[in-house]
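Everything below belongs to entry33.pdb, which stores PDB, C-alpha atoms.
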ATOM      1  CA  ARG A   1     -66.085-143.594  48.681  1.00  0.00           C
ATOM      2  CA  ALA A   2     -65.540-146.899  50.519  1.00  0.00           C
ATOM      3  CA  ALA A   3     -68.352-148.459  48.502  1.00  0.00           C
ATOM      4  CA  ALA A   4     -66.716-147.301  45.229  1.00  0.00           C
ATOM      5  CA  VAL A   5     -63.359-148.748  46.289  1.00  0.00           C
ATOM      6  CA  GLU A   6     -64.991-152.057  47.211  1.00  0.00           C
ATOM      7  CA  GLN A   7     -66.862-152.152  43.877  1.00  0.00           C
ATOM      8  CA  ALA A   8     -63.606-151.519  41.966  1.00  0.00           C
ATOM      9  CA  ARG A   9     -61.907-154.301  43.927  1.00  0.00           C
ATOM     10  CA  ARG A  10     -64.740-156.728  43.097  1.00  0.00           C
ATOM     11  CA  GLU A  11     -64.609-155.788  39.407  1.00  0.00           C
ATOM     12  CA  ALA A  12     -60.840-156.321  39.318  1.00  0.00           C
ATOM     13  CA  ALA A  13     -61.231-159.721  40.997  1.00  0.00           C
ATOM     14  CA  ALA A  14     -63.954-160.707  38.516  1.00  0.00           C
ATOM     15  CA  ALA A  15     -61.734-159.659  35.597  1.00  0.00           C
ATOM     16  CA  ALA A  16     -58.880-161.738  37.009  1.00  0.00           C
ATOM     17  CA  ASP A  17     -61.217-164.740  37.200  1.00  0.00           C
ATOM     18  CA  ARG A  18     -61.870-164.442  33.467  1.00  0.00           C
ATOM     19  CA  GLN A  19     -58.176-164.546  32.574  1.00  0.00           C
ATOM     20  CA  TYR A  20     -56.270-167.736  31.865  1.00  0.00           C
ATOM     21  CA  LEU A  21     -53.327-168.099  34.197  1.00  0.00           C
ATOM     22  CA  PRO A  22     -50.486-170.615  34.290  1.00  0.00           C
ATOM     23  CA  ILE A  23     -50.701-172.975  37.238  1.00  0.00           C
ATOM     24  CA  ALA A  24     -47.902-175.412  36.252  1.00  0.00           C
ATOM     25  CA  LYS A  25     -44.960-174.581  33.985  1.00  0.00           C
ATOM     26  CA  THR A  26     -42.200-177.158  34.234  1.00  0.00           C
ATOM     27  CA  PRO A  27     -39.000-176.113  32.432  1.00  0.00           C
ATOM     28  CA  PRO A  28     -37.586-178.286  29.648  1.00  0.00           C
ATOM     29  CA  VAL A  29     -34.695-180.680  30.116  1.00  0.00           C
ATOM     30  CA  TYR A  30     -31.467-179.288  28.638  1.00  0.00           C
ATOM     31  CA  PRO A  31     -30.423-181.796  25.961  1.00  0.00           C
ATOM     32  CA  GLN A  32     -27.169-183.556  26.867  1.00  0.00           C
ATOM     33  CA  ARG A  33     -25.868-183.242  23.293  1.00  0.00           C
ATOM     34  CA  ALA A  34     -26.392-179.468  23.479  1.00  0.00           C
ATOM     35  CA  LEU A  35     -24.594-179.317  26.839  1.00  0.00           C
ATOM     36  CA  ASP A  36     -21.702-181.405  25.516  1.00  0.00           C
ATOM     37  CA  SER A  37     -21.411-179.150  22.452  1.00  0.00           C
ATOM     38  CA  GLY A  38     -21.826-175.895  24.370  1.00  0.00           C
ATOM     39  CA  VAL A  39     -24.956-175.006  22.369  1.00  0.00           C
ATOM     40  CA  GLN A  40     -27.166-172.276  23.856  1.00  0.00           C
ATOM     41  CA  GLY A  41     -30.233-170.566  22.470  1.00  0.00           C
ATOM     42  CA  GLU A  42     -33.937-169.943  22.656  1.00  0.00           C
ATOM     43  CA  CYS A  43     -36.977-171.746  21.357  1.00  0.00           C
ATOM     44  CA  THR A  44     -40.446-170.191  21.152  1.00  0.00           C
ATOM     45  CA  VAL A  45     -43.434-172.517  21.173  1.00  0.00           C
ATOM     46  CA  SER A  46     -46.931-171.450  20.123  1.00  0.00           C
ATOM     47  CA  TYR A  47     -50.031-173.353  21.242  1.00  0.00           C
ATOM     48  CA  ASP A  48     -53.671-173.132  22.228  1.00  0.00           C
ATOM     49  CA  VAL A  49     -54.973-173.567  25.785  1.00  0.00           C
ATOM     50  CA  ASP A  50     -58.182-175.606  25.777  1.00  0.00           C
ATOM     51  CA  PRO A  51     -61.172-175.095  28.123  1.00  0.00           C
ATOM     52  CA  ASN A  52     -59.654-177.633  30.533  1.00  0.00           C
ATOM     53  CA  GLY A  53     -56.429-175.608  30.794  1.00  0.00           C
ATOM     54  CA  ARG A  54     -54.365-178.069  28.763  1.00  0.00           C
ATOM     55  CA  VAL A  55     -51.957-177.197  25.953  1.00  0.00           C
ATOM     56  CA  VAL A  56     -53.136-178.207  22.488  1.00  0.00           C
ATOM     57  CA  SER A  57     -51.169-178.335  19.220  1.00  0.00           C
ATOM     58  CA  PRO A  58     -47.798-176.967  20.337  1.00  0.00           C
ATOM     59  CA  GLN A  59     -45.553-175.901  17.451  1.00  0.00           C
ATOM     60  CA  VAL A  60     -42.199-174.188  17.208  1.00  0.00           C
ATOM     61  CA  ALA A  61     -42.613-170.530  16.210  1.00  0.00           C
ATOM     62  CA  GLY A  62     -39.629-168.984  14.454  1.00  0.00           C
ATOM     63  CA  GLN A  63     -36.021-170.096  14.666  1.00  0.00           C
ATOM     64  CA  CYS A  64     -35.052-172.851  17.081  1.00  0.00           C
ATOM     65  CA  HIS A  65     -31.888-174.944  17.225  1.00  0.00           C
ATOM     66  CA  PRO A  66     -32.856-178.521  16.273  1.00  0.00           C
ATOM     67  CA  LEU A  67     -31.581-179.863  19.609  1.00  0.00           C
ATOM     68  CA  PHE A  68     -34.076-177.669  21.490  1.00  0.00           C
ATOM     69  CA  ILE A  69     -37.226-178.520  19.513  1.00  0.00           C
ATOM     70  CA  ARG A  70     -38.238-181.791  21.202  1.00  0.00           C
ATOM     71  CA  PRO A  71     -37.572-180.701  24.825  1.00  0.00           C
ATOM     72  CA  SER A  72     -39.404-177.401  24.234  1.00  0.00           C
ATOM     73  CA  LEU A  73     -42.477-179.119  22.777  1.00  0.00           C
ATOM     74  CA  ASP A  74     -42.448-181.746  25.534  1.00  0.00           C
ATOM     75  CA  ALA A  75     -42.249-179.082  28.247  1.00  0.00           C
ATOM     76  CA  ALA A  76     -45.082-177.052  26.713  1.00  0.00           C
ATOM     77  CA  LYS A  77     -47.308-180.146  26.590  1.00  0.00           C
ATOM     78  CA  ARG A  78     -46.932-180.463  30.378  1.00  0.00           C
ATOM     79  CA  PHE A  79     -48.031-176.870  31.071  1.00  0.00           C
ATOM     80  CA  ARG A  80     -51.374-176.405  32.814  1.00  0.00           C
ATOM     81  CA  TYR A  81     -53.464-173.234  32.954  1.00  0.00           C
ATOM     82  CA  ARG A  82     -56.493-171.960  34.764  1.00  0.00           C
ATOM     83  CA  PRO A  83     -58.923-171.615  31.825  1.00  0.00           C
ATOM     84  CA  ARG A  84     -60.196-168.303  30.513  1.00  0.00           C
ATOM     85  CA  ILE A  85     -63.865-167.752  31.381  1.00  0.00           C
ATOM     86  CA  VAL A  86     -66.166-165.863  29.004  1.00  0.00           C
ATOM     87  CA  ASP A  87     -69.860-165.489  29.845  1.00  0.00           C
ATOM     88  CA  GLY A  88     -69.503-168.126  32.537  1.00  0.00           C
ATOM     89  CA  GLN A  89     -67.974-170.729  30.195  1.00  0.00           C
ATOM     90  CA  ALA A  90     -64.366-171.902  29.874  1.00  0.00           C
ATOM     91  CA  VAL A  91     -63.072-171.155  26.364  1.00  0.00           C
ATOM     92  CA  THR A  92     -60.031-171.956  24.234  1.00  0.00           C
ATOM     93  CA  VAL A  93     -57.250-169.359  24.149  1.00  0.00           C
ATOM     94  CA  ARG A  94     -55.477-169.415  20.790  1.00  0.00           C
ATOM     95  CA  GLY A  95     -51.929-168.402  19.911  1.00  0.00           C
ATOM     96  CA  VAL A  96     -50.317-168.493  23.354  1.00  0.00           C
ATOM     97  CA  GLN A  97     -46.521-168.311  23.126  1.00  0.00           C
ATOM     98  CA  ASN A  98     -43.764-169.271  25.510  1.00  0.00           C
ATOM     99  CA  THR A  99     -40.042-168.807  24.898  1.00  0.00           C
ATOM    100  CA  PHE A 100     -37.648-171.263  26.498  1.00  0.00           C
ATOM    101  CA  HIS A 101     -34.131-169.972  27.181  1.00  0.00           C
ATOM    102  CA  TYR A 102     -31.316-172.498  27.090  1.00  0.00           C
ATOM    103  CA  ARG A 103     -28.220-171.149  28.856  1.00  0.00           C
ATOM    104  CA  ILE A 104     -25.239-173.012  30.214  1.00  0.00           C
ATOM    105  CA  GLU A 105     -24.235-171.634  33.592  1.00  0.00           C
TER     106      GLU A 105
END

What is this file in C-alpha coordinates?
Amino acid sequence: RAAAVEQARREAAAAADRQYLPIAKTPPVYPQRALDSGVQGECTVSYDVDPNGRVVSPQVAGQCHPLFIRPSLDAAKRFRYRPRIVDGQAVTVRGVQNTFHYRIE
(Lines of atoms letter the chains of each structure in order from A and count residues from 1; the text may use other names and numbers.)
(Lines give C-alpha, C1' and ligand atoms only; values in the text may rest on other atoms or scores of the structure.)
Protein backbone atom coordinates (compact mmCIF):
# COMPACT_ATOMS: atom_id res chain seq x y z
CA ARG A 1 0.00 0.00 0.00
CA ALA A 2 2.78 2.47 0.88
CA ALA A 3 4.47 1.71 -2.43
CA ALA A 4 1.21 2.42 -4.33
CA VAL A 5 0.77 5.73 -2.50
CA GLU A 6 4.36 6.72 -3.28
CA GLN A 7 3.91 5.77 -6.95
CA ALA A 8 0.73 7.88 -7.17
CA ARG A 9 2.55 10.81 -5.59
CA ARG A 10 5.40 10.51 -8.12
CA GLU A 11 2.95 10.33 -11.03
CA ALA A 12 1.12 13.42 -9.78
CA ALA A 13 4.42 15.30 -9.44
CA ALA A 14 5.46 14.25 -12.95
CA ALA A 15 2.11 15.43 -14.34
CA ALA A 16 2.54 18.77 -12.59
CA ASP A 17 5.98 19.12 -14.19
CA ARG A 18 4.39 18.81 -17.63
CA GLN A 19 1.93 21.64 -17.00
CA TYR A 20 2.64 25.27 -17.78
CA LEU A 21 2.31 27.42 -14.70
CA PRO A 22 2.43 31.18 -14.23
CA ILE A 23 5.53 32.35 -12.40
CA ALA A 24 5.10 36.14 -12.87
CA LYS A 25 1.79 37.92 -13.47
CA THR A 26 2.07 41.65 -12.91
CA PRO A 27 -1.31 43.43 -12.94
CA PRO A 28 -1.98 46.21 -15.45
CA VAL A 29 -1.80 49.89 -14.59
CA TYR A 30 -5.28 51.42 -14.23
CA PRO A 31 -5.46 54.15 -16.88
CA GLN A 32 -5.70 57.62 -15.32
CA ARG A 33 -8.35 58.70 -17.85
CA ALA A 34 -10.49 55.72 -16.81
CA LEU A 35 -10.03 56.58 -13.13
CA ASP A 36 -10.90 60.23 -13.75
CA SER A 37 -14.03 59.21 -15.68
CA GLY A 38 -15.07 56.49 -13.23
CA VAL A 39 -14.83 53.82 -15.95
CA GLN A 40 -14.70 50.20 -14.73
CA GLY A 41 -14.75 46.96 -16.65
CA GLU A 42 -12.97 43.84 -17.76
CA CYS A 43 -10.64 43.00 -20.60
CA THR A 44 -9.80 39.45 -21.69
CA VAL A 45 -6.53 38.88 -23.50
CA SER A 46 -5.75 35.72 -25.48
CA TYR A 47 -2.17 34.68 -26.25
CA ASP A 48 0.22 31.80 -26.75
CA VAL A 49 2.94 30.80 -24.27
CA ASP A 50 6.13 29.88 -26.11
CA PRO A 51 8.61 27.13 -25.08
CA ASN A 52 10.59 29.73 -23.10
CA GLY A 53 7.51 30.65 -21.03
CA ARG A 54 7.02 34.02 -22.71
CA VAL A 55 3.74 35.45 -23.98
CA VAL A 56 3.45 35.63 -27.76
CA SER A 57 0.86 37.46 -29.89
CA PRO A 58 -1.45 38.85 -27.20
CA GLN A 59 -4.81 40.03 -28.55
CA VAL A 60 -7.99 41.31 -26.96
CA ALA A 61 -10.68 38.60 -26.95
CA GLY A 62 -14.25 39.88 -26.88
CA GLN A 63 -15.46 43.22 -25.61
CA CYS A 64 -13.02 45.57 -23.90
CA HIS A 65 -13.35 49.27 -23.14
CA PRO A 66 -10.85 51.12 -25.37
CA LEU A 67 -9.10 52.62 -22.34
CA PHE A 68 -8.26 49.13 -21.04
CA ILE A 69 -6.83 47.64 -24.24
CA ARG A 70 -3.25 48.97 -24.09
CA PRO A 71 -2.65 48.35 -20.35
CA SER A 72 -4.10 44.83 -20.64
CA LEU A 73 -1.88 43.93 -23.61
CA ASP A 74 1.17 45.47 -21.93
CA ALA A 75 0.55 43.52 -18.72
CA ALA A 76 0.08 40.24 -20.59
CA LYS A 77 3.37 40.76 -22.45
CA ARG A 78 5.16 40.87 -19.08
CA PHE A 79 3.70 37.55 -17.87
CA ARG A 80 6.12 34.65 -17.52
CA TYR A 81 5.25 30.95 -17.31
CA ARG A 82 6.98 27.71 -16.54
CA PRO A 83 6.74 26.01 -19.96
CA ARG A 84 4.62 22.96 -20.66
CA ILE A 85 6.76 19.84 -21.18
CA VAL A 86 5.68 17.12 -23.62
CA ASP A 87 7.93 14.11 -24.21
CA GLY A 88 10.77 15.91 -22.47
CA GLN A 89 10.54 19.03 -24.67
CA ALA A 90 9.12 22.47 -23.88
CA VAL A 91 6.21 23.24 -26.23
CA THR A 92 4.01 26.20 -27.14
CA VAL A 93 0.64 26.44 -25.38
CA ARG A 94 -1.92 28.09 -27.65
CA GLY A 95 -5.04 30.05 -26.74
CA VAL A 96 -4.27 30.94 -23.13
CA GLN A 97 -6.67 33.58 -21.79
CA ASN A 98 -6.47 35.99 -18.90
CA THR A 99 -9.19 38.42 -17.85
CA PHE A 100 -8.15 41.68 -16.22
CA HIS A 101 -10.70 43.27 -13.88
CA TYR A 102 -10.65 47.04 -13.58
CA ARG A 103 -12.49 48.18 -10.44
CA ILE A 104 -12.29 51.47 -8.62
CA GLU A 105 -12.19 50.92 -4.88

**Request:** Could you tell me which residues the PyMOL selection byres ((chain A and resi 51) around 10) returns for this structure, as an MDAnalysis selection string?
**Result:** chainID A and resid 20 48:50 52:55 81:85 89:93

**Prompt:** Looking at A:Ala24, A:Val56, A:Ala4, A:Val96, which one is nearest to Lys77 (chain A), with distances taken over only C-alpha atoms?
**Reply:**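 For Lys77 (chain A), the nearest of the given residues is A:Val56.
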
**Request:** Find, counting only C-alpha atoms, the residue in A:Gly88, A:Ile104, A:Ser72, A:Gln7 that gets nearest to Val29 (chain A).
**Result:** A:Ser72

**Item:** Minimum-distance residue to Tyr47 (chain A), chosen among A:Arg33, A:His65, A:Arg78, A:Arg103 (using all atoms listed in the file)
**Value:**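 Checking each candidate against Tyr47 (chain A), we get A:Arg78 as the closest.
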
**Message:** My list of candidates is A:Pro71, A:Pro27, A:Pro58, A:Gly95. Which is closest to Val45 (chain A) when distances are computed with all atoms listed in the file?
**Reply:**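 Among A:Pro71, A:Pro27, A:Pro58, A:Gly95, it is A:Pro58 that comes nearest to Val45 (chain A).
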
**Request:** List, as a list in words, every residue that the PyMOL selection byres ((chain A and resi 31) around 12) selects in the file provided.
**Result:**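 Checked against the file, the PyMOL selection byres ((chain A and resi 31) around 12) matches Pro28, Val29, Tyr30, Gln32, Arg33, Ala34, Leu35, Asp36, Ser37, Gly38, Val39, Gln40, Gly41, His65, Pro66, Leu67, Phe68, Ile69, Arg70, Pro71, Ser72, Tyr102, Arg103 and Ile104 of chain A.
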
Expected file: the selected residues, C-alpha atoms, as a PDB file, keeping the file's coordinate frame:
ATOM      1  CA  PRO A  28     -37.586-178.286  29.648  1.00  0.00           C
ATOM      2  CA  VAL A  29     -34.695-180.680  30.116  1.00  0.00           C
ATOM      3  CA  TYR A  30     -31.467-179.288  28.638  1.00  0.00           C
ATOM      4  CA  GLN A  32     -27.169-183.556  26.867  1.00  0.00           C
ATOM      5  CA  ARG A  33     -25.868-183.242  23.293  1.00  0.00           C
ATOM      6  CA  ALA A  34     -26.392-179.468  23.479  1.00  0.00           C
ATOM      7  CA  LEU A  35     -24.594-179.317  26.839  1.00  0.00           C
ATOM      8  CA  ASP A  36     -21.702-181.405  25.516  1.00  0.00           C
ATOM      9  CA  SER A  37     -21.411-179.150  22.452  1.00  0.00           C
ATOM     10  CA  GLY A  38     -21.826-175.895  24.370  1.00  0.00           C
ATOM     11  CA  VAL A  39     -24.956-175.006  22.369  1.00  0.00           C
ATOM     12  CA  GLN A  40     -27.166-172.276  23.856  1.00  0.00           C
ATOM     13  CA  GLY A  41     -30.233-170.566  22.470  1.00  0.00           C
ATOM     14  CA  HIS A  65     -31.888-174.944  17.225  1.00  0.00           C
ATOM     15  CA  PRO A  66     -32.856-178.521  16.273  1.00  0.00           C
ATOM     16  CA  LEU A  67     -31.581-179.863  19.609  1.00  0.00           C
ATOM     17  CA  PHE A  68     -34.076-177.669  21.490  1.00  0.00           C
ATOM     18  CA  ILE A  69     -37.226-178.520  19.513  1.00  0.00           C
ATOM     19  CA  ARG A  70     -38.238-181.791  21.202  1.00  0.00           C
ATOM     20  CA  PRO A  71     -37.572-180.701  24.825  1.00  0.00           C
ATOM     21  CA  SER A  72     -39.404-177.401  24.234  1.00  0.00           C
ATOM     22  CA  TYR A 102     -31.316-172.498  27.090  1.00  0.00           C
ATOM     23  CA  ARG A 103     -28.220-171.149  28.856  1.00  0.00           C
ATOM     24  CA  ILE A 104     -25.239-173.012  30.214  1.00  0.00           C
TER      25      ILE A 104
END

**Asked** CA of Asp74 (chain A) and CA of Thr99 (chain A), how far apart in Å?
**Response**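 According to the coordinates, CA of Thr99 (chain A) and CA of Asp74 (chain A) are separated by 13.2 Å.
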
**Item:** Which residue of A:Val86, A:Ile23, A:Cys43, A:Ala2 approaches Gly62 (chain A) most closely, using all atoms listed in the file
**Value:** A:Cys43

**Item:** Point-to-point distance from CA of Thr44 (chain A) to CA of Cys64 (chain A), Å rounded to tenths
**Value:** 7.3 Å

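Of note, CA of Glu42 (chain A) and CA of Gln97 (chain A) are spaced 12.7 Å apart.
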